[in-house]
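**Student:** structure_33.cif is reproduced in full below (mmCIF, C-alpha atoms).
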data_input
#
loop_
_atom_site.label_atom_id
_atom_site.label_comp_id
_atom_site.auth_asym_id
_atom_site.auth_seq_id
_atom_site.Cartn_x
_atom_site.Cartn_y
_atom_site.Cartn_z
CA MET A 626 46.12 67.42 146.65
CA ILE A 627 48.64 67.42 143.80
CA LYS A 628 50.68 70.17 142.28
CA LEU A 629 50.38 70.85 138.54
CA ASN A 630 52.78 73.36 137.01
CA GLY A 631 53.24 74.96 140.40
CA LYS A 632 49.54 75.21 141.28
CA GLU A 633 47.69 73.04 143.76
CA ARG A 634 44.86 70.91 142.42
CA LYS A 635 42.35 68.65 144.13
CA VAL A 636 41.91 65.24 142.53
CA SER A 637 39.61 62.42 143.60
CA PRO A 638 41.28 59.31 144.96
CA GLY A 639 41.96 56.81 142.20
CA THR A 640 42.28 59.42 139.44
CA THR A 641 44.77 58.29 136.82
CA VAL A 642 47.29 60.68 135.32
CA GLU A 643 45.44 60.44 132.01
CA GLN A 644 42.12 61.38 133.60
CA MET A 645 43.74 64.30 135.38
CA LEU A 646 45.45 65.56 132.21
CA LEU A 647 42.26 65.31 130.13
CA ALA A 648 40.27 67.09 132.84
CA GLU A 649 42.87 69.88 132.72
CA GLY A 650 42.31 70.19 128.98
CA PHE A 651 45.60 68.84 127.70
CA THR A 652 45.90 67.04 124.36
CA LEU A 653 47.88 63.94 125.26
CA GLN A 654 49.85 63.76 121.99
CA ARG A 655 51.22 67.30 122.44
CA ILE A 656 52.60 67.18 125.95
CA ALA A 657 55.48 65.87 128.01
CA VAL A 658 54.87 65.03 131.66
CA GLU A 659 57.31 64.93 134.53
CA ARG A 660 56.07 63.34 137.75
CA ASN A 661 58.09 64.01 140.88
CA GLY A 662 61.13 64.90 138.84
CA GLU A 663 61.07 61.96 136.45
CA ILE A 664 59.69 61.84 132.91
CA LEU A 665 56.49 59.82 132.79
CA PRO A 666 56.30 57.77 129.58
CA LYS A 667 53.10 58.33 127.61
CA ALA A 668 52.31 54.60 127.79
CA GLU A 669 51.93 54.93 131.56
CA TYR A 670 49.48 57.87 131.67
CA ALA A 671 46.45 55.54 131.74
CA SER A 672 47.79 53.13 134.35
CA VAL A 673 49.55 55.41 136.84
CA VAL A 674 47.25 56.70 139.58
CA THR A 675 47.88 60.16 141.01
CA ALA A 676 48.97 60.16 144.63
CA ASP A 677 48.57 62.83 147.27
CA GLY A 678 51.58 65.14 147.15
CA ASP A 679 52.54 64.29 143.55
CA ILE A 680 54.22 67.12 141.71
CA PHE A 681 53.49 67.26 137.97
CA GLU A 682 55.19 69.43 135.42
CA VAL A 683 53.37 69.36 132.09
CA VAL A 684 54.88 71.01 129.03
CA ASN A 685 52.48 71.73 126.19
CA PHE A 686 53.82 71.99 122.64
CA VAL A 687 52.28 74.14 119.92
CA GLY A 688 53.16 74.01 116.23
CA GLY A 689 55.76 76.11 114.47
CA GLY A 690 59.46 75.94 113.84
CA MET B 375 86.87 88.15 90.24
CA GLU B 376 89.01 87.49 93.24
CA VAL B 377 88.69 84.02 94.73
CA HIS B 378 87.55 84.37 98.33
CA LYS B 379 89.97 83.70 101.11
CA VAL B 380 89.57 80.64 103.30
CA LEU B 381 90.81 81.22 106.83
CA THR B 382 92.93 78.48 108.36
CA GLU B 383 91.72 76.69 111.46
CA GLU B 384 94.42 78.48 113.45
CA GLU B 385 93.23 81.87 112.19
CA ILE B 386 89.60 81.12 113.13
CA ASP B 387 90.66 79.85 116.56
CA ALA B 388 92.71 83.00 117.16
CA LEU B 389 89.78 85.24 116.18
CA LEU B 390 87.38 83.36 118.45
CA ILE B 391 89.85 83.30 121.35
CA GLU B 392 90.26 87.06 120.98
CA ARG B 393 86.50 87.46 121.47
CA HIS B 394 85.47 84.67 123.81
CA GLY B 395 88.66 84.09 125.78
CA PRO B 396 90.76 80.91 125.65
CA GLU B 397 88.76 78.99 128.26
CA ASN B 398 85.33 79.55 126.73
CA HIS B 399 86.70 78.90 123.26
CA ARG B 400 88.17 75.61 124.41
CA LYS B 401 84.81 74.57 125.90
CA MET B 402 82.94 75.57 122.75
CA LYS B 403 85.39 73.83 120.47
CA HIS B 404 85.16 70.59 122.44
CA ALA B 405 81.37 70.78 122.52
CA HIS B 406 78.90 68.84 120.44
CA ALA B 407 75.22 69.46 119.85
CA ALA B 408 72.50 67.92 117.76
CA VAL B 409 69.85 69.91 115.95
CA ALA B 410 66.63 68.00 115.29
CA GLY B 411 64.82 69.62 112.39
CA LEU B 412 66.50 72.15 110.12
CA GLY B 413 63.70 74.63 109.47
CA GLY B 414 63.20 78.13 110.83
CA LEU B 415 64.42 77.19 114.28
CA GLY B 416 67.00 74.52 113.50
CA SER B 417 68.79 76.14 110.56
CA ASN B 418 69.23 79.32 112.57
CA ILE B 419 70.29 77.48 115.73
CA ALA B 420 72.94 75.53 113.84
CA VAL B 421 74.36 78.66 112.18
CA MET B 422 74.50 80.52 115.51
CA LEU B 423 76.25 77.63 117.24
CA ALA B 424 78.68 77.45 114.32
CA ARG B 425 79.47 81.16 114.61
CA ALA B 426 79.88 80.77 118.38
CA GLY B 427 82.65 78.25 117.74
CA ILE B 428 81.05 74.89 118.48
CA GLY B 429 83.35 72.02 117.54
CA SER B 430 80.85 69.53 116.24
CA LEU B 431 77.24 69.38 115.07
CA HIS B 432 74.79 66.61 114.28
CA LEU B 433 72.20 67.85 111.78
CA VAL B 434 68.99 65.87 111.33
CA ASP B 435 66.17 66.48 108.84
CA PHE B 436 64.38 64.43 106.16
CA ASP B 437 63.19 67.35 104.05
CA LYS B 438 64.31 69.29 101.00
CA VAL B 439 64.57 73.07 100.69
CA GLU B 440 61.42 74.64 99.20
CA GLY B 441 60.56 78.18 98.17
CA SER B 442 58.25 78.52 101.16
CA ASN B 443 61.25 78.10 103.48
CA LEU B 444 63.01 81.27 102.33
CA ASN B 445 60.87 83.56 104.51
CA ARG B 446 62.58 82.42 107.70
CA GLN B 447 65.19 79.73 107.18
CA VAL B 448 68.84 80.32 106.33
CA TYR B 449 68.57 78.76 102.86
CA LYS B 450 68.95 80.62 99.59
CA MET B 451 67.64 80.22 96.04
CA LYS B 452 70.66 78.12 95.14
CA HIS B 453 69.54 75.52 97.70
CA LEU B 454 66.03 74.93 96.28
CA GLY B 455 65.46 71.21 95.86
CA MET B 456 68.52 70.21 97.88
CA ASP B 457 68.34 68.15 101.05
CA LYS B 458 68.28 70.53 104.02
CA THR B 459 71.06 68.54 105.68
CA GLU B 460 73.32 69.04 102.67
CA ALA B 461 72.36 72.70 102.11
CA LEU B 462 72.90 73.65 105.75
CA ALA B 463 76.17 71.75 106.03
CA GLY B 464 77.35 73.74 102.99
CA GLU B 465 76.37 77.06 104.58
CA ILE B 466 78.14 76.14 107.81
CA ARG B 467 81.29 75.11 105.96
CA GLU B 468 81.40 78.63 104.51
CA ILE B 469 81.31 80.06 108.04
CA ASN B 470 83.75 77.61 109.59
CA PRO B 471 84.95 74.66 107.51
CA TYR B 472 86.62 73.03 110.52
CA ILE B 473 83.41 72.18 112.38
CA LYS B 474 82.88 68.43 112.38
CA MET B 475 79.45 67.63 111.03
CA THR B 476 77.44 64.48 110.84
CA VAL B 477 74.17 64.64 108.96
CA ASP B 478 71.21 62.28 109.00
CA LYS B 479 68.59 62.61 106.32
CA VAL B 480 65.87 60.73 108.11
CA LYS B 481 62.35 61.18 109.43
CA VAL B 482 62.60 60.93 113.21
CA THR B 483 60.00 58.68 114.86
CA SER B 484 59.49 57.32 118.36
CA GLN B 485 61.00 54.07 117.06
CA ASN B 486 64.27 55.50 115.72
CA ALA B 487 64.80 58.66 117.80
CA ALA B 488 66.89 57.09 120.56
CA GLU B 489 69.16 55.40 118.01
CA ILE B 490 69.64 58.58 115.95
CA PHE B 491 70.49 60.78 118.96
CA ARG B 492 72.27 58.17 121.10
CA GLY B 493 75.62 59.98 120.86
CA ASP B 494 74.19 63.43 121.60
CA ARG B 495 74.21 64.79 125.13
CA LEU B 496 72.73 68.12 124.03
CA VAL B 497 69.82 68.14 121.58
CA CYS B 498 68.05 71.22 120.24
CA GLU B 499 64.48 70.30 119.31
CA ALA B 500 63.48 72.27 116.24
CA PHE B 501 60.59 70.41 114.62
CA ASP B 502 57.50 72.24 113.40
CA VAL B 503 54.60 69.91 114.25
CA ALA B 504 53.48 69.97 117.89
CA GLU B 505 53.01 66.19 118.09
CA ASN B 506 56.51 65.61 116.72
CA LYS B 507 58.02 68.01 119.25
CA ALA B 508 56.29 66.14 122.06
CA MET B 509 57.31 62.77 120.60
CA LEU B 510 60.99 63.73 120.45
CA VAL B 511 61.06 65.18 123.95
CA ASN B 512 59.20 62.22 125.46
CA THR B 513 61.31 59.63 123.67
CA LEU B 514 64.71 61.16 124.37
CA LEU B 515 64.01 62.04 128.00
CA ALA B 516 62.77 58.48 128.62
CA GLU B 517 65.37 56.57 126.61
CA LEU B 518 68.54 58.68 126.82
CA PRO B 519 69.06 59.39 130.54
CA GLU B 520 72.11 61.63 130.02
CA THR B 521 70.64 63.84 127.31
CA ILE B 522 69.54 67.44 127.86
CA LEU B 523 66.97 68.97 125.51
CA VAL B 524 66.40 72.58 124.54
CA ALA B 525 63.03 72.81 122.80
CA GLY B 526 61.01 75.56 121.11
CA THR B 527 57.28 76.12 121.44
CA GLY B 528 55.26 79.18 120.52
CA MET B 529 56.93 81.62 118.11
CA ALA B 530 54.39 82.22 115.32
CA GLY B 531 53.23 85.65 114.25
CA TYR B 532 54.52 89.08 115.24
CA GLY B 533 53.49 89.34 118.87
CA SER B 534 55.77 91.04 121.33
CA SER B 535 59.36 89.89 121.28
CA ASN B 536 59.33 90.14 125.06
CA LEU B 537 56.96 87.19 125.38
CA ILE B 538 59.61 84.81 124.01
CA GLN B 539 61.38 83.39 127.04
CA THR B 540 63.55 80.50 128.16
CA HIS B 541 62.45 78.37 131.11
CA LYS B 542 63.91 75.27 132.69
CA ARG B 543 60.70 73.22 132.89
CA MET B 544 62.09 69.81 133.76
CA ARG B 545 65.32 68.41 135.10
CA ARG B 546 66.67 67.89 131.57
CA LEU B 547 64.31 70.07 129.52
CA TYR B 548 64.57 73.75 128.69
CA ILE B 549 61.69 75.39 126.82
CA CYS B 550 62.01 78.51 124.67
CA GLY B 551 59.14 80.46 123.14
CA ASP B 552 55.93 82.11 124.28
CA GLY B 553 54.26 78.74 124.78
CA VAL B 554 51.06 79.65 122.97
CA SER B 555 51.49 81.20 119.50
CA ASP B 556 50.51 78.27 117.32
CA ILE B 557 50.58 77.99 113.54
CA ALA B 558 47.23 76.18 113.91
CA GLY B 559 45.70 79.51 114.98
CA GLY B 560 46.06 80.79 111.41
CA ILE B 561 49.03 83.03 112.15
CA SER B 562 52.07 82.25 110.09
CA LEU B 563 55.72 82.03 110.96
CA MET B 564 57.78 85.13 110.31
CA ALA B 565 61.54 85.44 110.34
CA PRO B 566 62.03 87.81 113.31
CA ARG B 567 60.11 85.89 115.93
CA VAL B 568 61.21 82.43 114.77
CA THR B 569 64.82 83.59 114.71
CA LEU B 570 64.36 85.14 118.14
CA CYS B 571 63.19 81.80 119.53
CA ALA B 572 66.08 80.07 117.73
CA ALA B 573 68.45 82.53 119.41
CA HIS B 574 66.97 81.67 122.81
CA GLN B 575 67.61 78.00 122.08
CA ALA B 576 71.12 78.60 120.77
CA ASN B 577 72.01 80.79 123.74
CA MET B 578 70.70 78.18 126.17
CA ALA B 579 72.85 75.60 124.39
CA VAL B 580 75.87 77.90 124.71
CA ARG B 581 75.10 78.46 128.40
CA LEU B 582 74.95 74.72 129.04
CA ILE B 583 78.20 74.19 127.15
CA LEU B 584 79.88 76.90 129.22
CA GLY B 585 78.61 75.41 132.48
CA GLU B 586 75.52 77.50 133.22
CA SER B 587 72.43 75.44 133.98
CA GLU B 588 69.94 78.20 134.84
CA ALA B 589 67.59 79.38 132.08
#
Would you mind giving the structure from this file in structure tokens?

**Tutor:**
Amino acid sequence: MIKLNGKERKVSPGTTVEQMLLAEGFTLQRIAVERNGEILPKAEYASVVTADGDIFEVVNFVGGG
Amino acid sequence: MEVHKVLTEEEIDALLIERHGPENHRKMKHAHAAVAGLGGLGSNIAVMLARAGIGSLHLVDFDKVEGSNLNRQVYKMKHLGMDKTEALAGEIREINPYIKMTVDKVKVTSQNAAEIFRGDRLVCEAFDVAENKAMLVNTLLAELPETILVAGTGMAGYGSSNLIQTHKRMRRLYICGDGVSDIAGGISLMAPRVTLCAAHQANMAVRLILGESEA
């Protein structure tokens, strides 16, 4: 079980952060991801595997300014 | 025609102290913030911080003022064709000529962002393209470990004002906006709601400067 933006989510063992984010419908180029209180660089999404108890905060950006 | 009066720095300080109190004025005057992108959000954020008495600003944008900017940005006809950095610095000098300003006319990328904002502990993200917003936030949070960001997302259209909010989403990231109203959805940007989001960002910046860390 992980937590994503405050809500609990089940993920299969071995799921990478990238797989989890895509399954949640995020567009990878428009988000920032914090994992357990630290920013997770985009280059690590594909290699970092989610772990039980991980807390993710994902901020999604939309256009306009 | 009478030539307009230019207040002295002492006169401006006295007026701001009268309103904000000496302690808050001192904090504001010693504060520095960067504004990344000088469009509807950034031009308004910079002007509000200037009026609030901030001591120094770093203004960053690569673009020139166009007619299509006048619906929501602080620029005027006389600025058409000028660099936004130069036009905005000019407007701010007319509000308070004693604010120290550094301007960078540059397109911010993931390669140069850390270098451009290295001296900035407080950065207001005010780009317009979603991918560029994400790029700036990702790059600065990863590469500048002391820097706090106040970003804007979701302010298009004329939906309820009450949906525009400020949230502390990460340890060093505050997010202002409704989170969803996207220009890609075919709704355009209009002055009230963009300025409202800019005000959320500017107020969060003021709060951080004055020692408040809650959204």

**Student:** Which one of B:Val480, B:Ile391, B:Leu510, B:Ala530 sits closest to Gly427 of chain B if you count only C-alpha atoms?

**Tutor:**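 Smallest separation from Gly427 of chain B among the options: B:Ile391.
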
**Student:** Taking only C-alpha atoms into account, find every residue of chain A that has an atom no more than 7 Å from chain B, and write it out as a list in words.

**Tutor:**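 For chain A, the answer reads Gln654, Arg655, Ile656, Ala657, Glu659, Gly662, Ile664, Pro666, Phe686, Val687, Gly688, Gly689 and Gly690 of chain A.
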
**Student:** Please list, as a ChimeraX atom specification, the residues that have an atom at most 9 Å away from (46.7, 54.1, 139.1) in the coordinates of this file, counting only C-alpha atoms.

**Tutor:** /A:639-642,670-676

**Student:** Name the residues in contact with Asn661 of chain A at a cut-off of 8 Å, using only C-alpha atoms, excluding same-chain residues fewer than 2 positions from it; report them as a compact mmCIF listing (two decimals) with C-alpha atoms, in the frame of the given file.

**Tutor:**
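The resulting file, part-v2.txt, is reproduced below:
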# COMPACT_ATOMS: atom_id res chain seq x y z
CA GLU A 659 57.31 64.93 134.53
CA GLU A 663 61.07 61.96 136.45
CA ASP A 679 52.54 64.29 143.55
CA ILE A 680 54.22 67.12 141.71
CA PHE A 681 53.49 67.26 137.97

**Student:** Every residue with an atom at most 12 Å from (80.5, 69.2, 108.5) (file coordinates; all atoms listed in the file) is what I'm after, so could you write them as a list in words?

**Tutor:**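 Those within range, by chain then number, are Ala420, Val421, Ala424, Ile428, Gly429, Ser430, Leu431, His432, Leu433, Thr459, Glu460, Ala461, Leu462, Ala463, Gly464, Glu465, Ile466, Arg467, Glu468, Ile469, Asn470, Pro471, Tyr472, Ile473, Lys474, Met475, Thr476, Val477 and Asp478 of chain B.
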
**Student:** Near Asp494 of chain B, counting all atoms listed in the file, which residues have an atom at most 12 Å away, once you skip same-chain residues fewer than 2 positions from it, shown as number ranges by chain?

**Tutor:** B: 405-410, 430-434, 476, 487-492, 496-498, 514, 518-523

**Student:** List the spatial neighbours of segment 628-630 of chain A as a ChimeraX atom specification - criterion: any atom at most 8 Å away, all atoms listed in the file, same-chain residues fewer than 2 positions off excluded.

**Tutor:** /A:626,632-634,678-683

**Student:** Just checking: using all atoms listed in the file, which residue out of B:Ile386, B:Ala426, B:Lys379, B:Gln575 ends up closest to Lys401 of chain B?

**Tutor:** B:Ala426

**Student:** Do you have the atom CA of Tyr532 of chain B-atom CA of Arg567 of chain B distance handy?

**Tutor:**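 Rounded to one decimal, the two atoms are 6.5 Å apart.
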
**Student:** One decimal, Å: what's the distance from atom CA of Leu454 of chain B over to atom CA of Gly560 of chain B, could you say?

**Tutor:** 25.7 Å

**Student:** Please compute the atom CA of Gln485 of chain B-atom CA of Ala668 of chain A distance, one decimal, in Å.

**Tutor:**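 Atom-to-atom, atom CA of Gln485 of chain B and atom CA of Ala668 of chain A are spaced 13.8 Å apart.
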
**Student:** Please, what is the axis-aligned box for every listed atom of segment 464-467 of chain B with 3 Å on each side, as centre and edge lengths in Å to one decimal, as lines of an AutoDock Vina configuration file?

**Tutor:**
center_x = 78.8
center_y = 75.4
center_z = 105.4
size_x = 10.9
size_y = 9.3
size_z = 10.8

**Student:** Some atoms are absent from segment 631-651 of chain A, so rebuild N, CA and C atoms and return them as a PDB file, in the coordinates of the input.

**Tutor:**
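Saved to part_34.pdb:
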ATOM      1  N   GLY A 631      53.082  74.019 139.307  1.00  0.00           N
ATOM      2  CA  GLY A 631      53.240  74.960 140.400  1.00  0.00           C
ATOM      3  C   GLY A 631      51.968  75.318 141.148  1.00  0.00           C
ATOM      4  N   LYS A 632      50.809  74.851 140.634  1.00  0.00           N
ATOM      5  CA  LYS A 632      49.540  75.210 141.280  1.00  0.00           C
ATOM      6  C   LYS A 632      48.896  73.978 141.904  1.00  0.00           C
ATOM      7  N   GLU A 633      48.321  74.170 143.079  1.00  0.00           N
ATOM      8  CA  GLU A 633      47.690  73.040 143.760  1.00  0.00           C
ATOM      9  C   GLU A 633      46.347  72.698 143.106  1.00  0.00           C
ATOM     10  N   ARG A 634      46.090  71.401 143.025  1.00  0.00           N
ATOM     11  CA  ARG A 634      44.860  70.910 142.420  1.00  0.00           C
ATOM     12  C   ARG A 634      44.318  69.786 143.289  1.00  0.00           C
ATOM     13  N   LYS A 635      42.984  69.770 143.435  1.00  0.00           N
ATOM     14  CA  LYS A 635      42.350  68.650 144.130  1.00  0.00           C
ATOM     15  C   LYS A 635      42.024  67.576 143.101  1.00  0.00           C
ATOM     16  N   VAL A 636      42.337  66.345 143.393  1.00  0.00           N
ATOM     17  CA  VAL A 636      41.910  65.240 142.530  1.00  0.00           C
ATOM     18  C   VAL A 636      41.270  64.159 143.400  1.00  0.00           C
ATOM     19  N   SER A 637      40.271  63.496 142.848  1.00  0.00           N
ATOM     20  CA  SER A 637      39.610  62.420 143.600  1.00  0.00           C
ATOM     21  C   SER A 637      40.549  61.232 143.702  1.00  0.00           C
ATOM     22  N   PRO A 638      40.446  60.499 144.824  1.00  0.00           N
ATOM     23  CA  PRO A 638      41.280  59.310 144.960  1.00  0.00           C
ATOM     24  C   PRO A 638      41.030  58.357 143.789  1.00  0.00           C
ATOM     25  N   GLY A 639      42.101  57.760 143.297  1.00  0.00           N
ATOM     26  CA  GLY A 639      41.960  56.810 142.200  1.00  0.00           C
ATOM     27  C   GLY A 639      42.064  57.425 140.818  1.00  0.00           C
ATOM     28  N   THR A 640      42.183  58.760 140.750  1.00  0.00           N
ATOM     29  CA  THR A 640      42.280  59.420 139.440  1.00  0.00           C
ATOM     30  C   THR A 640      43.609  59.065 138.771  1.00  0.00           C
ATOM     31  N   THR A 641      43.529  58.587 137.538  1.00  0.00           N
ATOM     32  CA  THR A 641      44.770  58.290 136.820  1.00  0.00           C
ATOM     33  C   THR A 641      45.373  59.591 136.281  1.00  0.00           C
ATOM     34  N   VAL A 642      46.623  59.509 135.909  1.00  0.00           N
ATOM     35  CA  VAL A 642      47.290  60.680 135.320  1.00  0.00           C
ATOM     36  C   VAL A 642      46.555  61.098 134.051  1.00  0.00           C
ATOM     37  N   GLU A 643      46.148  60.111 133.255  1.00  0.00           N
ATOM     38  CA  GLU A 643      45.440  60.440 132.010  1.00  0.00           C
ATOM     39  C   GLU A 643      44.141  61.186 132.282  1.00  0.00           C
ATOM     40  N   GLN A 644      43.377  60.704 133.256  1.00  0.00           N
ATOM     41  CA  GLN A 644      42.120  61.380 133.600  1.00  0.00           C
ATOM     42  C   GLN A 644      42.378  62.815 134.065  1.00  0.00           C
ATOM     43  N   MET A 645      43.405  62.976 134.876  1.00  0.00           N
ATOM     44  CA  MET A 645      43.740  64.300 135.380  1.00  0.00           C
ATOM     45  C   MET A 645      44.148  65.237 134.225  1.00  0.00           C
ATOM     46  N   LEU A 646      44.972  64.725 133.321  1.00  0.00           N
ATOM     47  CA  LEU A 646      45.450  65.560 132.210  1.00  0.00           C
ATOM     48  C   LEU A 646      44.294  65.950 131.287  1.00  0.00           C
ATOM     49  N   LEU A 647      43.406  65.008 131.007  1.00  0.00           N
ATOM     50  CA  LEU A 647      42.260  65.310 130.130  1.00  0.00           C
ATOM     51  C   LEU A 647      41.331  66.312 130.809  1.00  0.00           C
ATOM     52  N   ALA A 648      41.128  66.148 132.106  1.00  0.00           N
ATOM     53  CA  ALA A 648      40.270  67.090 132.840  1.00  0.00           C
ATOM     54  C   ALA A 648      40.872  68.491 132.825  1.00  0.00           C
ATOM     55  N   GLU A 649      42.198  68.569 132.763  1.00  0.00           N
ATOM     56  CA  GLU A 649      42.870  69.880 132.720  1.00  0.00           C
ATOM     57  C   GLU A 649      42.901  70.458 131.304  1.00  0.00           C
ATOM     58  N   GLY A 650      42.405  69.668 130.343  1.00  0.00           N
ATOM     59  CA  GLY A 650      42.310  70.190 128.980  1.00  0.00           C
ATOM     60  C   GLY A 650      43.510  69.932 128.086  1.00  0.00           C
ATOM     61  N   PHE A 651      44.423  69.101 128.531  1.00  0.00           N
ATOM     62  CA  PHE A 651      45.600  68.840 127.700  1.00  0.00           C
ATOM     63  C   PHE A 651      45.284  67.848 126.580  1.00  0.00           C
TER      64      PHE A 651
END
